[in-house]
Amino acid sequence: MILILSELSQEPLHAQISRQIRTRILAHDLTDDEPLPSIRALARDQRVSVITVQRAYEDLEREGLIRSRPGKGFFVMAIPEKRKRAVALERFTTAITPILEESRRAGLGDEQLRTLFNRVLRGNEHGGKQ
Amino acid sequence: MKTPANGSAFSIQGLKKRYPGFSLGPLDLDLQPGVVLGLIGPNGAGKTTTLHCLIGLLVPEAGAITIFGRPNHPDDPRWRQDIGVVGEDSGFFLRWTVEENLRLVGRFQPNWSDRRARGMAERFNLPMNKRVNELSKGNKAKLAIVAALGHAPHVLILDEPTAGLDPIVRAELLDMLWELQEDGEHAIFYSTHVLSDIERLADELVFLCDGQVIQRTAKDDLVESWRRISFRLAADATLSLPGVLDHRQVRLEHRVTSCDYEATLEALRGLGAEAIEHVRMSIDEIAVEILKGKGAPHVAAR
């Protein structure tokens, strides 16, 4: 597994790790019941502390995306499609809320925001990532 | 994870050591097996004195020190089997080869394994046949680490191991420590005043200043709870905000440093502050604030 981690990011290291693994799980790059690297092996590979990987795995475990089997390590959970959608929806909502609030404070009305959102969505609909 | 019996890798309680013009402690510190703990402090903070008391090079005025439950008593040296030390001056014989030096070190360690030492030397590309005075700085540092680990101790103590090393050699040495942490069998206690050395490796950091522990935190908590925050607010400079250590104001614009940014942000929103921006701080910046302020007003301990 190749992760890209940086101290220069606004996102903490453990969140960078969990996000990058989450993306792979939701995109089926990591499939059901696939083993994840052990905490210490990933820490060594990525040159981060054990506690950092531990937090990333704990977060993913709490979200129900991975699970640990005592003595065997961590595995991708067999998650129903519905659940994956729910995770994706929740993350989308979390990500979009701050900018919505900020825009409202800046005086943009909901109607304007809807129009803007649709325009951005159209510009992005062929799979471009902006 | 294999955890040797007897709880803590080491435990220091009520340690006191005095010199003219300097006094250490009373200091309490412990380390759990498998954990990497960075000891951070400016020169003269008492880092080396602490380590020297821990490894029995100095006799403290007061305090109890145990290594895996065994007191570090000079008359019963069994505790030494569980501790490996990389000091500032390793005292190798310069005209002897690496192998000869390692063999000599092994004579003083009942649990020493030549095979283990050789295996490590091989794994880290340390040439056994070279004389120490022909070794590069990086290989000398590797030798010190192999010599400290040949008896398979469960705690490794390093005192400023990267002092005077160039960035490439430093990275090599840190690579060795990464390899070591992987099996989960070594607790690592690493003293440095160069925080970037330990920034990624350490699980926890302990800050030492003027002979006192001023803070001990999981590294990730530190990085997450500290922020620089700017905002606009019509208030005077006597503004009192939770978590805030440092406040600057130019007319309506404020900039603060917070060690508990969530609390600070909440308070700011309550006060109706506008244009709130917050950015994370590097671990170096945070360390400077901690050492400068001798600890936070209310430390973010979660």
# chains A, B, ... in the order shown; residues from 1 in each chain; ligands from 1

call {"tool": "interface_residues", "arguments": {"of": "chain B", "to": "chain A", "cutoff": "6 Å", "atoms": "only C-alpha atoms", "output": "list in words"}}
result
Trp178, Glu182, Arg200, Leu201, Ala202 and Asp203 of chain B

call {"tool": "select_by_dssp", "arguments": {"residues": "chain A", "states": "alpha helix (DSSP H)", "output": "CSV table (one decimal) with N, CA and C atoms, in the first residue's frame"}}
result
chain,number,residue,atom,x,y,z
A,13,LEU,N,-1.5,13.6,10.5
A,13,LEU,CA,-1.0,12.4,9.8
A,13,LEU,C,-1.9,11.2,9.9
A,14,HIS,N,-2.5,11.0,11.1
A,14,HIS,CA,-3.4,9.9,11.3
A,14,HIS,C,-4.6,10.0,10.4
A,15,ALA,N,-5.1,11.2,10.2
A,15,ALA,CA,-6.3,11.5,9.4
A,15,ALA,C,-5.9,11.3,7.9
A,16,GLN,N,-4.7,11.6,7.6
A,16,GLN,CA,-4.2,11.4,6.2
A,16,GLN,C,-4.2,9.9,5.9
A,17,ILE,N,-3.7,9.1,6.9
A,17,ILE,CA,-3.7,7.6,6.7
A,17,ILE,C,-5.1,7.1,6.6
A,18,SER,N,-5.9,7.4,7.5
A,18,SER,CA,-7.3,6.8,7.5
A,18,SER,C,-8.0,7.2,6.3
A,19,ARG,N,-7.9,8.5,5.8
A,19,ARG,CA,-8.6,8.9,4.6
A,19,ARG,C,-8.1,8.1,3.4
A,20,GLN,N,-6.8,7.9,3.3
A,20,GLN,CA,-6.3,7.3,2.1
A,20,GLN,C,-6.7,5.8,2.1
A,21,ILE,N,-6.8,5.2,3.3
A,21,ILE,CA,-7.2,3.8,3.3
A,21,ILE,C,-8.7,3.7,3.1
A,22,ARG,N,-9.4,4.7,3.6
A,22,ARG,CA,-10.9,4.7,3.5
A,22,ARG,C,-11.3,4.8,2.0
A,23,THR,N,-10.6,5.7,1.3
A,23,THR,CA,-10.8,5.9,-0.1
A,23,THR,C,-10.6,4.6,-0.9
A,24,ARG,N,-9.6,3.8,-0.5
A,24,ARG,CA,-9.3,2.6,-1.2
A,24,ARG,C,-10.4,1.6,-0.9
A,25,ILE,N,-10.9,1.6,0.3
A,25,ILE,CA,-12.0,0.6,0.7
A,25,ILE,C,-13.2,1.0,-0.1
A,26,LEU,N,-13.6,2.3,0.0
A,26,LEU,CA,-14.8,2.7,-0.7
A,26,LEU,C,-14.8,2.5,-2.2
A,39,ILE,N,0.1,-2.7,12.3
A,39,ILE,CA,0.3,-1.3,12.8
A,39,ILE,C,1.8,-0.9,12.7
A,40,ARG,N,2.7,-1.8,13.2
A,40,ARG,CA,4.1,-1.5,13.3
A,40,ARG,C,4.7,-1.5,11.9
A,41,ALA,N,4.3,-2.5,11.1
A,41,ALA,CA,4.9,-2.5,9.7
A,41,ALA,C,4.5,-1.3,8.9
A,42,LEU,N,3.3,-0.8,9.1
A,42,LEU,CA,2.9,0.4,8.4
A,42,LEU,C,3.6,1.6,8.9
A,43,ALA,N,3.8,1.6,10.2
A,43,ALA,CA,4.5,2.7,10.9
A,43,ALA,C,5.9,2.8,10.3
A,44,ARG,N,6.5,1.6,10.2
A,44,ARG,CA,7.9,1.6,9.6
A,44,ARG,C,7.9,2.0,8.2
A,45,ASP,N,7.0,1.5,7.4
A,45,ASP,CA,7.0,1.8,6.0
A,45,ASP,C,6.8,3.3,5.8
A,46,GLN,N,5.9,3.9,6.5
A,46,GLN,CA,5.5,5.3,6.3
A,46,GLN,C,6.3,6.2,7.2
A,50,VAL,N,4.0,4.6,15.8
A,50,VAL,CA,3.1,3.5,16.0
A,50,VAL,C,1.7,4.1,16.4
A,51,ILE,N,1.7,5.1,17.3
A,51,ILE,CA,0.5,5.6,17.8
A,51,ILE,C,-0.3,6.3,16.7
A,52,THR,N,0.4,6.9,15.8
A,52,THR,CA,-0.3,7.5,14.6
A,52,THR,C,-1.1,6.5,13.8
A,53,VAL,N,-0.4,5.4,13.5
A,53,VAL,CA,-1.1,4.4,12.7
A,53,VAL,C,-2.3,3.8,13.6
A,54,GLN,N,-2.0,3.6,14.8
A,54,GLN,CA,-3.0,3.1,15.7
A,54,GLN,C,-4.3,3.9,15.7
A,55,ARG,N,-4.1,5.2,15.7
A,55,ARG,CA,-5.3,6.1,15.7
A,55,ARG,C,-6.0,6.0,14.4
A,56,ALA,N,-5.3,5.9,13.3
A,56,ALA,CA,-5.9,5.8,12.0
A,56,ALA,C,-6.7,4.5,11.9
A,57,TYR,N,-6.2,3.4,12.4
A,57,TYR,CA,-6.9,2.1,12.4
A,57,TYR,C,-8.1,2.2,13.3
A,58,GLU,N,-7.9,2.8,14.5
A,58,GLU,CA,-9.0,2.9,15.4
A,58,GLU,C,-10.2,3.7,14.8
A,59,ASP,N,-9.9,4.7,14.1
A,59,ASP,CA,-10.9,5.5,13.4
A,59,ASP,C,-11.6,4.7,12.4
A,60,LEU,N,-10.9,3.9,11.6
A,60,LEU,CA,-11.5,3.1,10.6
A,60,LEU,C,-12.3,2.0,11.2
A,61,GLU,N,-11.8,1.5,12.3
A,61,GLU,CA,-12.6,0.4,13.0
A,61,GLU,C,-13.9,1.0,13.5
A,62,ARG,N,-13.8,2.2,14.1
A,62,ARG,CA,-15.0,2.8,14.6
A,62,ARG,C,-16.1,3.0,13.5
A,81,GLU,N,-23.0,-2.6,0.3
A,81,GLU,CA,-23.0,-1.4,-0.6
A,81,GLU,C,-23.7,-0.3,0.1
A,82,LYS,N,-24.8,-0.5,0.8
A,82,LYS,CA,-25.6,0.5,1.4
A,82,LYS,C,-24.7,1.3,2.4
A,83,ARG,N,-24.0,0.5,3.2
A,83,ARG,CA,-23.2,1.0,4.3
A,83,ARG,C,-22.1,1.9,3.7
A,84,LYS,N,-21.5,1.5,2.6
A,84,LYS,CA,-20.4,2.3,1.9
A,84,LYS,C,-21.0,3.6,1.5
A,85,ARG,N,-22.2,3.5,0.9
A,85,ARG,CA,-22.9,4.8,0.5
A,85,ARG,C,-23.1,5.7,1.7
A,86,ALA,N,-23.5,5.1,2.8
A,86,ALA,CA,-23.8,5.9,4.0
A,86,ALA,C,-22.5,6.6,4.4
A,87,VAL,N,-21.4,5.9,4.4
A,87,VAL,CA,-20.1,6.5,4.8
A,87,VAL,C,-19.7,7.6,3.9
A,88,ALA,N,-19.9,7.4,2.6
A,88,ALA,CA,-19.6,8.4,1.6
A,88,ALA,C,-20.4,9.6,1.8
A,89,LEU,N,-21.7,9.4,2.0
A,89,LEU,CA,-22.7,10.5,2.2
A,89,LEU,C,-22.3,11.3,3.4
A,90,GLU,N,-22.0,10.6,4.5
A,90,GLU,CA,-21.6,11.3,5.7
A,90,GLU,C,-20.4,12.1,5.6
A,91,ARG,N,-19.4,11.6,4.9
A,91,ARG,CA,-18.2,12.3,4.7
A,91,ARG,C,-18.4,13.5,3.8
A,92,PHE,N,-19.3,13.4,2.8
A,92,PHE,CA,-19.6,14.5,1.9
A,92,PHE,C,-20.2,15.6,2.7
A,93,THR,N,-21.2,15.3,3.6
A,93,THR,CA,-21.9,16.2,4.4
A,93,THR,C,-20.9,17.0,5.3
A,94,THR,N,-20.0,16.2,6.0
A,94,THR,CA,-19.1,16.8,6.9
A,94,THR,C,-18.2,17.7,6.1
A,95,ALA,N,-17.8,17.4,4.9
A,95,ALA,CA,-16.8,18.2,4.2
A,95,ALA,C,-17.5,19.5,3.7
A,96,ILE,N,-18.7,19.4,3.3
A,96,ILE,CA,-19.3,20.5,2.6
A,96,ILE,C,-19.9,21.5,3.6
A,97,THR,N,-20.2,21.1,4.8
A,97,THR,CA,-20.9,22.0,5.8
A,97,THR,C,-20.1,23.2,6.1
A,98,PRO,N,-18.8,23.2,6.4
A,98,PRO,CA,-18.1,24.4,6.7
A,98,PRO,C,-18.1,25.5,5.6
A,99,ILE,N,-17.9,25.0,4.4
A,99,ILE,CA,-17.9,26.0,3.3
A,99,ILE,C,-19.3,26.6,3.1
A,100,LEU,N,-20.3,25.8,3.3
A,100,LEU,CA,-21.7,26.3,3.2
A,100,LEU,C,-21.9,27.4,4.3
A,101,GLU,N,-21.5,27.1,5.5
A,101,GLU,CA,-21.7,28.0,6.6
A,101,GLU,C,-20.9,29.3,6.4
A,102,GLU,N,-19.7,29.1,5.9
A,102,GLU,CA,-18.9,30.3,5.6
A,102,GLU,C,-19.5,31.2,4.5
A,103,SER,N,-20.0,30.5,3.5
A,103,SER,CA,-20.6,31.2,2.4
A,103,SER,C,-21.9,32.0,2.8
A,104,ARG,N,-22.7,31.3,3.7
A,104,ARG,CA,-23.9,32.0,4.2
A,104,ARG,C,-23.5,33.3,5.0
A,105,ARG,N,-22.4,33.1,5.8
A,105,ARG,CA,-22.0,34.2,6.6
A,105,ARG,C,-21.5,35.3,5.7
A,110,ASP,N,-29.3,30.9,-0.1
A,110,ASP,CA,-29.4,29.4,-0.5
A,110,ASP,C,-29.6,29.2,-1.9
A,111,GLU,N,-30.5,30.1,-2.6
A,111,GLU,CA,-30.8,29.9,-4.0
A,111,GLU,C,-29.5,30.0,-4.8
A,112,GLN,N,-28.7,31.1,-4.4
A,112,GLN,CA,-27.4,31.3,-5.1
A,112,GLN,C,-26.5,30.1,-5.0
A,113,LEU,N,-26.5,29.5,-3.7
A,113,LEU,CA,-25.6,28.4,-3.4
A,113,LEU,C,-26.0,27.2,-4.3
A,114,ARG,N,-27.3,27.0,-4.4
A,114,ARG,CA,-27.8,25.9,-5.1
A,114,ARG,C,-27.4,26.0,-6.6
A,115,THR,N,-27.6,27.2,-7.2
A,115,THR,CA,-27.2,27.4,-8.6
A,115,THR,C,-25.7,27.1,-8.7
A,116,LEU,N,-24.9,27.7,-7.8
A,116,LEU,CA,-23.4,27.5,-7.8
A,116,LEU,C,-23.1,26.0,-7.8
A,117,PHE,N,-23.7,25.4,-6.8
A,117,PHE,CA,-23.4,23.9,-6.6
A,117,PHE,C,-23.7,23.2,-7.9
A,118,ASN,N,-24.9,23.5,-8.5
A,118,ASN,CA,-25.2,22.8,-9.8
A,118,ASN,C,-24.2,23.0,-10.9
A,119,ARG,N,-23.7,24.3,-10.9
A,119,ARG,CA,-22.8,24.7,-11.9
A,119,ARG,C,-21.5,23.9,-11.7
A,120,VAL,N,-21.0,23.8,-10.5
A,120,VAL,CA,-19.8,23.1,-10.2
A,120,VAL,C,-20.0,21.6,-10.5
A,121,LEU,N,-21.1,21.1,-10.2
A,121,LEU,CA,-21.4,19.7,-10.4
A,121,LEU,C,-21.4,19.4,-11.9
A,122,ARG,N,-22.0,20.3,-12.7
A,122,ARG,CA,-22.0,20.1,-14.2
A,122,ARG,C,-20.6,20.1,-14.7
A,123,GLY,N,-19.8,21.1,-14.2
A,123,GLY,CA,-18.4,21.2,-14.7
A,123,GLY,C,-17.6,20.0,-14.4

call {"tool": "atom_distance", "arguments": {"atom1": "CA of Gly46 in chain B", "atom2": "CA of Ser196 in chain B"}}
result
19.8 Å

call {"tool": "closest_residue", "arguments": {"among": "B:Leu39, B:Val256, B:Leu102, B:Ala141", "to": "Met128 in chain B", "atoms": "only C-alpha atoms"}}
result
B:Leu102

call {"tool": "residues_around", "arguments": {"residues": "range 168-174 of chain B", "least_positions_apart": "3", "cutoff": "7 Å", "atoms": "only C-alpha atoms", "output": "JSON, numbers by chain"}}
result
{"B": [138, 142, 162, 165, 177, 178]}

call {"tool": "select_by_dssp", "arguments": {"residues": "range 23-267 of chain B", "states": "strand (DSSP E or B)", "output": "PyMOL selection string"}}
result
chain B and resi 23-31+36-40+62-67+70-71+83-86+97+131+155-159+187-192+204-209+212-218+227-232+244-250+253-258

call {"tool": "atom_distance", "arguments": {"atom1": "CA of Met77 in chain A", "atom2": "CA of Gly64 in chain A"}}
result
7.0 Å

call {"tool": "atom_distance", "arguments": {"atom1": "CA of Thr31 in chain A", "atom2": "CA of Glu179 in chain B"}}
result
28.5 Å

call {"tool": "closest_residue", "arguments": {"among": "B:Glu100, B:Glu134, B:Glu204, B:Glu61", "to": "Gly34 in chain B", "atoms": "only C-alpha atoms"}}
result
B:Glu204

call {"tool": "closest_residue", "arguments": {"among": "B:Ala273, B:Met176, B:Val85, B:Ile55", "to": "Arg123 in chain B", "atoms": "only C-alpha atoms"}}
result
B:Met176
